[in-house]
Amino acid sequence: MDLFACEILLVDDNRELQEMLGEMLAREGYRKLLQAYSCREAREMFAQRRPELVILDVMLPDGDGFSLFREFREDSNVPILFLSARDEDNNRLLGLGMGADDYITKPFLPQELLLRIQAVLKRVYIYPALQMQQSQVAQVGRYQVDLRNASVDRDGREVTLTAKELLLFKKLWENRGNIVTFDALCQAVWNDDYYGYENTLMVHIRRLREKIEEDPSHPRWILTIRGLGYRLAAEKKDGL
């Protein structure tokens with residue numbers, strides 16, 4: 001995965017800081033930056049763009065970052081880094097205790113922020129993909145998916161995946177726990193956007209569910225996120 005192609009959402013009402021952060025990240029090579037100055041703008045951008053990383057201020061003009069964090073985490077495991085002038089231990093512990101990926105206080109060294117961003121992105125997107133490549137076996141509940149042989153071990157019975165099903169599963173597995181949009185799935189499988197592939201994608205997802213779900217009619221793993229895409233649920237004990 002190209003980390004510099006990750007879409008980063010900056011949420012802070014300080015326009016001078018926003019400009020500085022935007023220029024700094026762009027200078028480092030990050031090509032997709034979104035900027036929001038309030039909770040309302042952040043909600044709209046998050047729903048529309050589904051960024052790969054959120055840098056979130058705690059104090060915002062129409063709310064607070066902790067509440068916004070909870071909203072984002074209701075339907076996404078996107079990594080979130082708190083950026084705040086609050087340096088009290090209880091606030092830092094609150095943010096980390098809620099499940100934030102990092103918490104950095106202002107003022108900060110630009111290079112330190114860059115290093116923390118890189119560390120979060122690598123931990124969330126690069127290392128799991130490398131581990132998957134090394135093992136080439138994905139555990140989904142009771143069943144194992146062998147990515148080398150494009151097969152599913154269903155309690156000793158081998159079921160073969162088609163080439164398209166394998167590409168779909170790989171894309172979902174690489175982003176497990178996070179929503180993968182319809183467009184992203186179609187790009188991965190057909191190298192095209194979603195328009196014209198609506199029914200085709202649905203059929204392939206249904207067939208994939210029949211092979212990796214215990215009850216395809218009530219899927220536990222490949223979840224439909226209405227209007228956005230699909231998400232492969234991640235187990236808390238998932239070691240890959």
# chains A, B, ... in the order shown; residues from 1 in each chain; ligands from 1
>>> residues_around(residues="range 67-73 of chain A", least_positions_apart="5", cutoff="8 Å", atoms="only C-alpha atoms", output="list of chain:residue names")
A:Cys39, A:Phe46, A:Val78, A:Ile80
>>> residues_around(residues="range 199-213 of chain A", least_positions_apart="5", cutoff="12 Å", atoms="only C-alpha atoms", output="number ranges by chain")
A: 138-146, 150-155, 157-170, 172, 181-190, 192-194, 218-224, 229-233
>>> atom_distance(atom1="CA of Leu10 in chain A", atom2="CA of Ala36 in chain A")
6.1 Å
